[in-house]
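K.L.:
Encoded as structure tokens, here's the structure I'll be asking about.
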Amino acid sequence: MAGRLISANHAAALAATLAGRANRTARGFCSGVYPITPSTECMELLCNQEFEKGEVVRVESEHSAMAVCIGAAASGARTFTTSSSNGLALMAENVVSAALLRLPVVMVAANRALGPPWNLWADHGDTLLLRDSGWVQFYCADNQEVLDTVLCAYRLAEDHRVLLPVLVCQEGFVLSHTTTRTEVPSQEEVDRFLPPLELPARLRDTPRALGGVDVPGVAEAHRAQHHEAMARVFEVYREVQDAFERELGRRPADPVVPYRAEDADLLVVSMGTIAVTAQRAVDEARARGERLGAVRVRTFRPSPAEQLAAIFRGKRRIAVIDRDLSLGFGGVLWGEVRGLAEPGAVVQGYVIGVGGGDVRPEHVAAVAADLAARTAAGRPVLMETGA
Amino acid sequence: MSEPSTVAGPSAETRPTPLLRPGNSNCGGCGMSSALQLFGRAVEHRRLQLVVPASCAAVTAGPFPTTSFGVPTVLTTFGAAAAVATGLSRVARLNGDGTRVVCWAGDGGTYDIGMASLSAAAERDEDVLYVCYDNEIYGNTGGQRSSATPAGASTTNTPAGKPEEKKDLLAIMAAHRVRYAASFSIAHPQDAIRKVRRALDATGFRFLHALSPCPTGWKSEPALGIELVRLAVRSGLYPVVEIVEGRKLVVNVEPDFSREALELYLSLQQRFQRSGITAERLAPAIARRWRELRAASGRILPAEREA
Ligand SMILES: Cc1ncc(C[n+]2csc(CCOP(=O)(O)OP(=O)(O)O)c2C)c(N)n1
Ligand code: SF4
């Protein structure tokens, strides 16, 4: 294990490389990649790696990048791709198909606003567009977490109780291009953590059709199985955390990360790096004697509804900060969690940092002040974040 | 370029089912069925995986968990066949499986929405055989135009007849300098089987094109599919050729450019009725095409023998 100064893009690429090499004794590694800011450096680094038994295919679109992963995964290889924003939108139909075919593809998204009008900066709207695609979704808070989560993603995705693709999200530039000290495990450590992929229904010589017509009743049965696999994610993830801790000496974060929440009067719920900013704001508020707490939603799919409901128990005021806006509705995270609080609690939505606006502790303090003054939740508040 | 698969799959005798199994849901007289049967006859011992994008052939596979294909098959999104095949073939090669990965796609999934992924796979010289069964229409969605639909043909969204000419796909594939590109005719099985075998055993990107009568979309007699292709070949409308490495073009079946054959071809399909397109109107385009083919083949013969 060595500490290296790397960006989240490079952390993701190194994790994918290590995972890919770890499958050399099985069917190998095959990845389809296509560049888009701010995920580009991830695929570039991957294209510079040597694989004993692996291929990185430089395709002509994100649509094909995911298609290559589908073909490779169906043939039993470990797969990887990375993208952002419009790349994910173009890829979407194959993203859905990878999930419905129950292929354990792992993808890293460097979150970025959709366009045109073009915008290069962080916004969770691109991966939230894929919310219902049947993928497990993690949102990371720092580079180390990106690397660790990608490794965990493979073990989770490939577990026979799960067999689902996993999307690991990291905010564009905020993480993708920010260099921090990151522990990079050795190949031997990853080999011990990641068993070779054995896909139970991989395409061999038996005539069978992967993806043939699903008539209504069958489709419903398949969705039910998919949904049940999602429900098993938390249980399997706990085992993945244990194994990771055993082999790599640190414990990956839980699906939901509360911060000084237990005795808090006000709670701020958010995802990704905003949640880290919120923790700073909590410390500052606590220093002023205000009982503020924070909750970081790390696993967005499956929904950690039970974990959140337990944390929300007894809380009267909850703020939800979204770096996304479902136009005509409000923040997506807010929409997901507002029903989890106790009856009568104020769950107010705030939208900050859409299209890459900086989110600083002052913004979180302003959210807390607004929330404290409320007796009832209102329409989502769109905070201006420019200055 | 011939490099036969080294790992033997089930032999012709032990292969439990044909490539296209009986009881499939294709319309009676479907040209794609004939093309699949011909293709299947050429496969023999070779180990195959099929990649089928959205199309009539995707329905041919049948509802889960059954399949009408006698080999393992992946059904893909409409425009992604060549890219999914890329993933399968790369992993097959990494593992020395000796599997031949074959795309079986309609003209919509090839000429239109799949053009980018097809072109890219050809440019990368993926070890994939791409077969386009060209029924000149979107059969799956009920018969709309594609860029393979010939001028004058009525479709549900060009009811008065398509004004534009058919795209010359083989020329596009040849321009990619793919290892092997050929058109085959379901009315000329010997030539077809030879081509399929050659394409199956070559490495790198290979492309096969098969005109596939669609009685449902062409409004033609189901029993006449093979005859229609014979007329298309005879009249010069459907050139049966092969092109190696994008350079050497060989004409495999010489047409006699019979005007009668062309007239018969048009009159046997109701899709040409409304536009009233005539053999006379088509002749100059056929002649132009053949001048180009002769030039590419290095055998300059007069195109209009009869004239
Ligand atoms: C992205 C997308 N757009 C549209 C469709 C609907 N669709 C399914 S098959 C098809 C036409 C297929 O035509 P072709 O490739 O010629 O094959 P055929 O049905 O004639 O066999 C269309 C438009 C789809 N499945 N996916
Ligand atoms: S619509 Fe045409 S191509 Fe499709 S199955 Fe029927 S005859 Fe065959």
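Ligands are numbered from 1 in the order shown, residues from 1 within each chain, and chains are lettered A, B, ... in the order they appear in the structure tokens.
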Give as a list in words the residues surrounding ligand 1 up to a distance of 6 Å, considering only C-alpha atoms and all ligand atoms.
P.N.:
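The residues near ligand 1 are Ala54, Ser55, Cys56, Ala57, Phe78, Gly106, Asp107, Gly108, Gly109, Asn135, Ile137, Tyr138, Gly139, Asn140 and Thr141 of chain B.
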K.L.:
Sorted by chain and rising residue number, list the residues of chain B at most 6 Å from chain A (counting only C-alpha atoms), each with its closest atom pair and distance in Å to one decimal, as CSV.
P.N.:
residue,atom,partner,partner_atom,distance
B:Pro63,CA,A:Val213,CA,4.4
B:Phe64,CA,A:Gly212,CA,5.5
B:Thr67,CA,A:Ala209,CA,5.9
B:Gly70,CA,A:Pro207,CA,5.3
B:Val71,CA,A:Pro207,CA,4.1
B:Pro72,CA,A:Pro207,CA,4.1
B:Thr73,CA,A:Ala209,CA,4.6
B:Val74,CA,A:Leu210,CA,4.8
B:Leu75,CA,A:Gly211,CA,5.0
B:Ala83,CA,A:Val68,CA,5.2
B:Val84,CA,A:Gly71,CA,4.4
B:Thr86,CA,A:Val68,CA,5.9
B:Gly87,CA,A:Ala72,CA,4.1
B:Leu88,CA,A:Gly71,CA,4.6
B:Val91,CA,A:Ala72,CA,5.9
K.L.:
Those residues you just picked out, can you put them in a file as a short mmCIF file (atom, residue, chain, number, x, y, z; two decimals), in the first residue's frame with C-alpha atoms?
P.N.:
data_model
loop_
_atom_site.label_atom_id
_atom_site.label_comp_id
_atom_site.auth_asym_id
_atom_site.auth_seq_id
_atom_site.Cartn_x
_atom_site.Cartn_y
_atom_site.Cartn_z
CA PRO B 63 -39.84 -15.21 -25.98
CA PHE B 64 -37.67 -15.98 -22.93
CA THR B 67 -34.90 -19.40 -28.63
CA GLY B 70 -29.46 -22.95 -32.57
CA VAL B 71 -26.45 -21.09 -31.14
CA PRO B 72 -25.89 -18.80 -28.14
CA THR B 73 -27.25 -15.37 -28.97
CA VAL B 74 -27.12 -11.88 -27.50
CA LEU B 75 -29.96 -9.52 -28.34
CA ALA B 83 -20.01 -2.95 -30.55
CA VAL B 84 -21.50 -5.79 -28.48
CA THR B 86 -16.60 -6.42 -30.31
CA GLY B 87 -16.79 -7.20 -26.60
CA LEU B 88 -17.67 -10.86 -27.23
CA VAL B 91 -12.93 -11.83 -24.81
#
K.L.:
Name each residue within 12 Å of ligand 2, counting only C-alpha atoms and all ligand atoms, as a ChimeraX atom specification.
P.N.:
/B:24-36,54-62,105-108,132-144,211-225
K.L.:
Would you compute the distance between CA of Trp135 in chain A and CA of Gly356 in chain A? Give it in Å to one decimal.
P.N.:
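Between these atoms lies a distance of 24.4 Å.
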K.L.:
As a list of chain:residue names, please: all residues of range 264-343 of chain A that backbone DSSP puts in alpha helix (DSSP H).
P.N.:
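Alpha helix (DSSP H) assignments inside range 264-343 of chain A correspond to A:Thr273, A:Ile274, A:Ala275, A:Val276, A:Thr277, A:Ala278, A:Gln279, A:Arg280, A:Ala281, A:Val282, A:Asp283, A:Glu284, A:Ala285, A:Arg286, A:Ala287, A:Ala305, A:Glu306, A:Gln307, A:Leu308, A:Ala309, A:Ala310, A:Ile311, A:Phe312, A:Val332, A:Leu333, A:Trp334, A:Gly335, A:Glu336, A:Val337.
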K.L.:
Okay, now the selection with N, CA and C atoms, as a PDB file, in the first residue's frame?
P.N.:
ATOM      1  N   THR A 273     -19.464  15.497  -2.347  1.00  0.00           N
ATOM      2  CA  THR A 273     -18.569  16.400  -1.608  1.00  0.00           C
ATOM      3  C   THR A 273     -19.334  17.445  -0.807  1.00  0.00           C
ATOM      4  N   ILE A 274     -20.572  17.736  -1.193  1.00  0.00           N
ATOM      5  CA  ILE A 274     -21.354  18.716  -0.431  1.00  0.00           C
ATOM      6  C   ILE A 274     -21.506  18.235   1.009  1.00  0.00           C
ATOM      7  N   ALA A 275     -21.592  16.919   1.153  1.00  0.00           N
ATOM      8  CA  ALA A 275     -21.763  16.361   2.495  1.00  0.00           C
ATOM      9  C   ALA A 275     -20.521  16.589   3.352  1.00  0.00           C
ATOM     10  N   VAL A 276     -19.360  16.659   2.705  1.00  0.00           N
ATOM     11  CA  VAL A 276     -18.132  16.937   3.456  1.00  0.00           C
ATOM     12  C   VAL A 276     -18.122  18.403   3.890  1.00  0.00           C
ATOM     13  N   THR A 277     -18.554  19.264   2.973  1.00  0.00           N
ATOM     14  CA  THR A 277     -18.689  20.687   3.301  1.00  0.00           C
ATOM     15  C   THR A 277     -19.673  20.852   4.463  1.00  0.00           C
ATOM     16  N   ALA A 278     -20.740  20.072   4.414  1.00  0.00           N
ATOM     17  CA  ALA A 278     -21.745  20.147   5.481  1.00  0.00           C
ATOM     18  C   ALA A 278     -21.131  19.754   6.827  1.00  0.00           C
ATOM     19  N   GLN A 279     -20.234  18.780   6.810  1.00  0.00           N
ATOM     20  CA  GLN A 279     -19.587  18.375   8.069  1.00  0.00           C
ATOM     21  C   GLN A 279     -18.762  19.534   8.634  1.00  0.00           C
ATOM     22  N   ARG A 280     -18.087  20.273   7.767  1.00  0.00           N
ATOM     23  CA  ARG A 280     -17.351  21.471   8.200  1.00  0.00           C
ATOM     24  C   ARG A 280     -18.313  22.465   8.848  1.00  0.00           C
ATOM     25  N   ALA A 281     -19.440  22.681   8.152  1.00  0.00           N
ATOM     26  CA  ALA A 281     -20.431  23.638   8.661  1.00  0.00           C
ATOM     27  C   ALA A 281     -20.987  23.177  10.002  1.00  0.00           C
ATOM     28  N   VAL A 282     -21.123  21.868  10.167  1.00  0.00           N
ATOM     29  CA  VAL A 282     -21.623  21.326  11.439  1.00  0.00           C
ATOM     30  C   VAL A 282     -20.644  21.669  12.560  1.00  0.00           C
ATOM     31  N   ASP A 283     -19.354  21.451  12.293  1.00  0.00           N
ATOM     32  CA  ASP A 283     -18.341  21.755  13.319  1.00  0.00           C
ATOM     33  C   ASP A 283     -18.392  23.234  13.703  1.00  0.00           C
ATOM     34  N   GLU A 284     -18.536  24.091  12.691  1.00  0.00           N
ATOM     35  CA  GLU A 284     -18.574  25.534  12.953  1.00  0.00           C
ATOM     36  C   GLU A 284     -19.826  25.907  13.750  1.00  0.00           C
ATOM     37  N   ALA A 285     -20.944  25.287  13.396  1.00  0.00           N
ATOM     38  CA  ALA A 285     -22.199  25.573  14.104  1.00  0.00           C
ATOM     39  C   ALA A 285     -22.118  25.084  15.550  1.00  0.00           C
ATOM     40  N   ARG A 286     -21.541  23.890  15.711  1.00  0.00           N
ATOM     41  CA  ARG A 286     -21.398  23.330  17.065  1.00  0.00           C
ATOM     42  C   ARG A 286     -20.548  24.264  17.922  1.00  0.00           C
ATOM     43  N   ALA A 287     -19.510  24.873  17.319  1.00  0.00           N
ATOM     44  CA  ALA A 287     -18.638  25.791  18.050  1.00  0.00           C
ATOM     45  C   ALA A 287     -19.425  27.005  18.520  1.00  0.00           C
ATOM     46  N   ALA A 305     -33.469   3.700   2.548  1.00  0.00           N
ATOM     47  CA  ALA A 305     -34.621   4.303   3.223  1.00  0.00           C
ATOM     48  C   ALA A 305     -34.661   3.932   4.706  1.00  0.00           C
ATOM     49  N   GLU A 306     -34.366   2.656   5.020  1.00  0.00           N
ATOM     50  CA  GLU A 306     -34.463   2.230   6.427  1.00  0.00           C
ATOM     51  C   GLU A 306     -33.423   2.927   7.288  1.00  0.00           C
ATOM     52  N   GLN A 307     -32.185   2.988   6.764  1.00  0.00           N
ATOM     53  CA  GLN A 307     -31.119   3.636   7.517  1.00  0.00           C
ATOM     54  C   GLN A 307     -31.464   5.104   7.760  1.00  0.00           C
ATOM     55  N   LEU A 308     -31.991   5.756   6.725  1.00  0.00           N
ATOM     56  CA  LEU A 308     -32.314   7.177   6.859  1.00  0.00           C
ATOM     57  C   LEU A 308     -33.469   7.374   7.838  1.00  0.00           C
ATOM     58  N   ALA A 309     -34.489   6.524   7.737  1.00  0.00           N
ATOM     59  CA  ALA A 309     -35.645   6.656   8.630  1.00  0.00           C
ATOM     60  C   ALA A 309     -35.198   6.524  10.088  1.00  0.00           C
ATOM     61  N   ALA A 310     -34.236   5.617  10.344  1.00  0.00           N
ATOM     62  CA  ALA A 310     -33.745   5.441  11.719  1.00  0.00           C
ATOM     63  C   ALA A 310     -33.045   6.709  12.206  1.00  0.00           C
ATOM     64  N   ILE A 311     -32.270   7.313  11.325  1.00  0.00           N
ATOM     65  CA  ILE A 311     -31.559   8.547  11.713  1.00  0.00           C
ATOM     66  C   ILE A 311     -32.544   9.705  11.891  1.00  0.00           C
ATOM     67  N   PHE A 312     -33.591   9.704  11.089  1.00  0.00           N
ATOM     68  CA  PHE A 312     -34.576  10.799  11.132  1.00  0.00           C
ATOM     69  C   PHE A 312     -35.499  10.707  12.343  1.00  0.00           C
ATOM     70  N   VAL A 332     -33.853  15.969  -6.447  1.00  0.00           N
ATOM     71  CA  VAL A 332     -34.184  14.545  -6.549  1.00  0.00           C
ATOM     72  C   VAL A 332     -34.001  13.858  -5.192  1.00  0.00           C
ATOM     73  N   LEU A 333     -32.904  14.179  -4.509  1.00  0.00           N
ATOM     74  CA  LEU A 333     -32.663  13.554  -3.199  1.00  0.00           C
ATOM     75  C   LEU A 333     -33.772  13.955  -2.219  1.00  0.00           C
ATOM     76  N   TRP A 334     -34.139  15.220  -2.258  1.00  0.00           N
ATOM     77  CA  TRP A 334     -35.231  15.698  -1.403  1.00  0.00           C
ATOM     78  C   TRP A 334     -36.506  14.896  -1.667  1.00  0.00           C
ATOM     79  N   GLY A 335     -36.820  14.710  -2.941  1.00  0.00           N
ATOM     80  CA  GLY A 335     -38.013  13.950  -3.292  1.00  0.00           C
ATOM     81  C   GLY A 335     -37.967  12.533  -2.739  1.00  0.00           C
ATOM     82  N   GLU A 336     -36.761  11.982  -2.695  1.00  0.00           N
ATOM     83  CA  GLU A 336     -36.603  10.595  -2.248  1.00  0.00           C
ATOM     84  C   GLU A 336     -36.731  10.448  -0.739  1.00  0.00           C
ATOM     85  N   VAL A 337     -36.235  11.455   0.003  1.00  0.00           N
ATOM     86  CA  VAL A 337     -36.137  11.246   1.454  1.00  0.00           C
ATOM     87  C   VAL A 337     -37.223  11.953   2.253  1.00  0.00           C
TER      88      VAL A 337
END
K.L.:
Tell me which protein, DNA and RNA residues are within 6 Å of His177 in chain A, counting only C-alpha atoms, leaving out same-chain ones fewer than 2 positions away, and put them as a PyMOL selection string.
P.N.:
chain A and resi 7+173+175
K.L.:
Based on the selection just made, write N, CA, C and O atoms of those residues as a PDB file, in the first residue's frame.
P.N.:
ATOM      1  N   SER A   7      -5.524  12.274  -8.737  1.00  0.00           N
ATOM      2  CA  SER A   7      -6.896  12.780  -8.848  1.00  0.00           C
ATOM      3  C   SER A   7      -7.873  11.610  -8.704  1.00  0.00           C
ATOM      4  O   SER A   7      -7.472  10.444  -8.770  1.00  0.00           O
ATOM      5  N   PHE A 173     -14.371  17.757 -11.628  1.00  0.00           N
ATOM      6  CA  PHE A 173     -13.405  18.763 -11.177  1.00  0.00           C
ATOM      7  C   PHE A 173     -13.228  18.771  -9.667  1.00  0.00           C
ATOM      8  O   PHE A 173     -12.105  18.697  -9.186  1.00  0.00           O
ATOM      9  N   LEU A 175     -13.694  16.538  -7.548  1.00  0.00           N
ATOM     10  CA  LEU A 175     -12.881  15.359  -7.256  1.00  0.00           C
ATOM     11  C   LEU A 175     -12.066  14.914  -8.475  1.00  0.00           C
ATOM     12  O   LEU A 175     -10.891  14.610  -8.361  1.00  0.00           O
TER      13      LEU A 175
END
K.L.:
Within 10 Å of range 247-259 of chain B, counting only C-alpha atoms, which residues qualify if same-chain residues fewer than 5 places away don't, as number ranges by chain?
P.N.:
B: 174-175, 177-185, 188, 191-192, 230-242, 264-265, 279-280, 283, 286-287, 293-299, 303-307
K.L.:
Near Asp126 in chain A, within 9 Å and counting only C-alpha atoms, which residues show up once chain neighbours fewer than 6 positions away are dropped, as a PDB file with all heavy atoms, in the first residue's frame?
P.N.:
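New file around_16.pdb:
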ATOM      1  N   SER A  84     -19.362  10.931 -18.452  1.00  0.00           N
ATOM      2  CA  SER A  84     -19.957  12.083 -17.784  1.00  0.00           C
ATOM      3  C   SER A  84     -21.107  12.595 -18.636  1.00  0.00           C
ATOM      4  O   SER A  84     -21.120  12.390 -19.844  1.00  0.00           O
ATOM      5  CB  SER A  84     -18.954  13.248 -17.687  1.00  0.00           C
ATOM      6  OG  SER A  84     -17.819  12.901 -16.959  1.00  0.00           O
ATOM      7  N   SER A  85     -22.027  13.273 -18.001  1.00  0.00           N
ATOM      8  CA  SER A  85     -22.952  14.183 -18.683  1.00  0.00           C
ATOM      9  C   SER A  85     -23.561  13.605 -19.961  1.00  0.00           C
ATOM     10  O   SER A  85     -24.165  12.543 -19.945  1.00  0.00           O
ATOM     11  CB  SER A  85     -22.158  15.473 -18.974  1.00  0.00           C
ATOM     12  OG  SER A  85     -22.869  16.379 -19.722  1.00  0.00           O
ATOM     13  N   ASN A  86     -23.388  14.299 -21.097  1.00  0.00           N
ATOM     14  CA  ASN A  86     -23.991  13.860 -22.350  1.00  0.00           C
ATOM     15  C   ASN A  86     -23.526  12.470 -22.769  1.00  0.00           C
ATOM     16  O   ASN A  86     -24.249  11.763 -23.469  1.00  0.00           O
ATOM     17  CB  ASN A  86     -23.675  14.867 -23.465  1.00  0.00           C
ATOM     18  CG  ASN A  86     -24.467  16.148 -23.309  1.00  0.00           C
ATOM     19  OD1 ASN A  86     -24.448  16.740 -22.227  1.00  0.00           O
ATOM     20  ND2 ASN A  86     -25.157  16.566 -24.329  1.00  0.00           N
ATOM     21  N   LEU A  88     -23.203   9.999 -20.745  1.00  0.00           N
ATOM     22  CA  LEU A  88     -24.107   9.086 -20.048  1.00  0.00           C
ATOM     23  C   LEU A  88     -25.489   9.104 -20.689  1.00  0.00           C
ATOM     24  O   LEU A  88     -26.167   8.075 -20.778  1.00  0.00           O
ATOM     25  CB  LEU A  88     -24.200   9.472 -18.571  1.00  0.00           C
ATOM     26  CG  LEU A  88     -22.899   9.309 -17.773  1.00  0.00           C
ATOM     27  CD1 LEU A  88     -23.014   9.987 -16.416  1.00  0.00           C
ATOM     28  CD2 LEU A  88     -22.551   7.840 -17.603  1.00  0.00           C
ATOM     29  N   ALA A  89     -25.901  10.296 -21.143  1.00  0.00           N
ATOM     30  CA  ALA A  89     -27.215  10.398 -21.784  1.00  0.00           C
ATOM     31  C   ALA A  89     -27.227   9.600 -23.082  1.00  0.00           C
ATOM     32  O   ALA A  89     -28.179   8.868 -23.366  1.00  0.00           O
ATOM     33  CB  ALA A  89     -27.560  11.864 -22.046  1.00  0.00           C
ATOM     34  N   ALA A 109     -18.642   7.584 -13.003  1.00  0.00           N
ATOM     35  CA  ALA A 109     -19.113   8.813 -13.625  1.00  0.00           C
ATOM     36  C   ALA A 109     -18.449   9.990 -12.936  1.00  0.00           C
ATOM     37  O   ALA A 109     -18.421  10.065 -11.710  1.00  0.00           O
ATOM     38  CB  ALA A 109     -20.632   8.917 -13.502  1.00  0.00           C
ATOM     39  N   ASN A 111     -19.380  13.436 -12.409  1.00  0.00           N
ATOM     40  CA  ASN A 111     -20.644  14.149 -12.586  1.00  0.00           C
ATOM     41  C   ASN A 111     -20.457  15.520 -13.246  1.00  0.00           C
ATOM     42  O   ASN A 111     -19.575  16.278 -12.883  1.00  0.00           O
ATOM     43  CB  ASN A 111     -21.337  14.362 -11.236  1.00  0.00           C
ATOM     44  CG  ASN A 111     -21.878  13.075 -10.675  1.00  0.00           C
ATOM     45  OD1 ASN A 111     -21.298  12.503  -9.764  1.00  0.00           O
ATOM     46  ND2 ASN A 111     -22.972  12.606 -11.241  1.00  0.00           N
ATOM     47  N   ARG A 112     -21.340  15.800 -14.194  1.00  0.00           N
ATOM     48  CA  ARG A 112     -21.273  17.070 -14.923  1.00  0.00           C
ATOM     49  C   ARG A 112     -22.665  17.398 -15.446  1.00  0.00           C
ATOM     50  O   ARG A 112     -23.418  16.501 -15.822  1.00  0.00           O
ATOM     51  CB  ARG A 112     -20.286  16.927 -16.096  1.00  0.00           C
ATOM     52  CG  ARG A 112     -20.416  17.991 -17.142  1.00  0.00           C
ATOM     53  CD  ARG A 112     -19.507  17.735 -18.339  1.00  0.00           C
ATOM     54  NE  ARG A 112     -19.996  18.509 -19.475  1.00  0.00           N
ATOM     55  CZ  ARG A 112     -19.456  18.487 -20.678  1.00  0.00           C
ATOM     56  NH1 ARG A 112     -18.404  17.741 -20.924  1.00  0.00           N
ATOM     57  NH2 ARG A 112     -19.958  19.207 -21.653  1.00  0.00           N
ATOM     58  N   ALA A 113     -22.982  18.703 -15.524  1.00  0.00           N
ATOM     59  CA  ALA A 113     -24.295  19.128 -16.012  1.00  0.00           C
ATOM     60  C   ALA A 113     -24.480  18.727 -17.470  1.00  0.00           C
ATOM     61  O   ALA A 113     -23.529  18.661 -18.237  1.00  0.00           O
ATOM     62  CB  ALA A 113     -24.433  20.634 -15.872  1.00  0.00           C
ATOM     63  N   LEU A 114     -25.725  18.452 -17.841  1.00  0.00           N
ATOM     64  CA  LEU A 114     -26.074  18.131 -19.225  1.00  0.00           C
ATOM     65  C   LEU A 114     -26.233  19.404 -20.046  1.00  0.00           C
ATOM     66  O   LEU A 114     -26.537  20.468 -19.515  1.00  0.00           O
ATOM     67  CB  LEU A 114     -27.380  17.338 -19.256  1.00  0.00           C
ATOM     68  CG  LEU A 114     -27.303  15.906 -18.707  1.00  0.00           C
ATOM     69  CD1 LEU A 114     -28.650  15.471 -18.162  1.00  0.00           C
ATOM     70  CD2 LEU A 114     -26.840  14.947 -19.788  1.00  0.00           C
ATOM     71  N   ASP A 324     -28.700  19.190  -7.974  1.00  0.00           N
ATOM     72  CA  ASP A 324     -29.453  18.767  -9.148  1.00  0.00           C
ATOM     73  C   ASP A 324     -30.819  19.368  -8.990  1.00  0.00           C
ATOM     74  O   ASP A 324     -31.206  19.764  -7.882  1.00  0.00           O
ATOM     75  CB  ASP A 324     -29.564  17.231  -9.170  1.00  0.00           C
ATOM     76  CG  ASP A 324     -30.320  16.727  -7.958  1.00  0.00           C
ATOM     77  OD1 ASP A 324     -31.578  16.732  -7.975  1.00  0.00           O
ATOM     78  OD2 ASP A 324     -29.673  16.356  -6.959  1.00  0.00           O
TER      79      ASP A 324
END
K.L.:
To one decimal place in Å, what is the distance between CA of Ala82 in chain B and CA of Thr158 in chain B?
P.N.:
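Computing it gives 28.5 Å between the two atoms.
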K.L.:
Would you compute the distance between CA of Glu263 in chain B and CA of Ala153 in chain B? Give it in Å to one decimal.
P.N.:
14.2 Å
K.L.:
If you count only C-alpha atoms, which residues fall within 9 Å of Asp265 in chain A, apart from same-chain ones fewer than 6 positions away, as JSON, numbers by chain?
P.N.:
{"A": [290, 291, 292, 293, 315, 316, 317, 318, 372]}
K.L.:
Using only C-alpha atoms, please write the residues we just selected to a file, as a PDB file, in the first residue's frame.
P.N.:
ATOM      1  CA  GLU A 290     -25.978  25.272  17.552  1.00  0.00           C
ATOM      2  CA  ARG A 291     -26.972  21.623  17.454  1.00  0.00           C
ATOM      3  CA  LEU A 292     -26.528  20.977  13.748  1.00  0.00           C
ATOM      4  CA  GLY A 293     -25.894  17.501  12.332  1.00  0.00           C
ATOM      5  CA  LYS A 315     -35.940  14.866  14.222  1.00  0.00           C
ATOM      6  CA  ARG A 316     -38.282  17.778  13.637  1.00  0.00           C
ATOM      7  CA  ARG A 317     -36.267  19.761  11.094  1.00  0.00           C
ATOM      8  CA  ILE A 318     -34.391  18.280   8.147  1.00  0.00           C
ATOM      9  CA  ALA A 372     -34.342  26.842  11.937  1.00  0.00           C
TER      10      ALA A 372
END
K.L.:
What's around range 379-383 of chain A at 6 Å? Count only C-alpha atoms, leave out sequence neighbours fewer than 6 positions away in its own chain, and write the answer as a ChimeraX atom specification.
P.N.:
/A:330,349-352
K.L.:
Considering only C-alpha atoms, state which residue in the set B:Gln49, B:Asn95, B:Asn157, B:Ser68 is at the smallest distance from Leu20 in chain B.
P.N.:
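Residue with the minimum atom-to-atom distance to Leu20 in chain B: B:Ser68.
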K.L.:
With DSSP run on the backbone, what are the strand (DSSP E) residues within range 155-196 of chain A? I'd like them as a list in words.
P.N.:
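Those residues are Val166, Leu167, Val168, Cys169, Gln170, Glu171, Thr180, Arg181, Thr182, Glu183 and Val184 of chain A.
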K.L.:
Which residue out of A:Ala261, A:Leu199, A:Val268, A:Leu151 has the minimum interatomic distance to Glu247 in chain A when only C-alpha atoms are used?
P.N.:
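Answer, going by the shortest atom-to-atom distance: A:Leu151.
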K.L.:
Using only C-alpha atoms, can you tell me which of B:Ser147, B:Gln273, B:Thr99, B:Ser117 comes closest to Thr203 in chain B?
P.N.:
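Smallest separation from Thr203 in chain B among the options: B:Thr99.
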K.L.:
Can you work out which one of A:Arg288, A:Arg202, A:Arg21, A:His124 has the shortest atom-to-atom distance to Gly353 in chain A, counting only C-alpha atoms?
P.N.:
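Among the listed residues, A:His124 lies closest to Gly353 in chain A.
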K.L.:
With distances taken over only C-alpha atoms, which of B:Val101, B:Val229, B:Ala210, B:Val128 is nearest to Ala148 in chain B?
P.N.:
B:Ala210
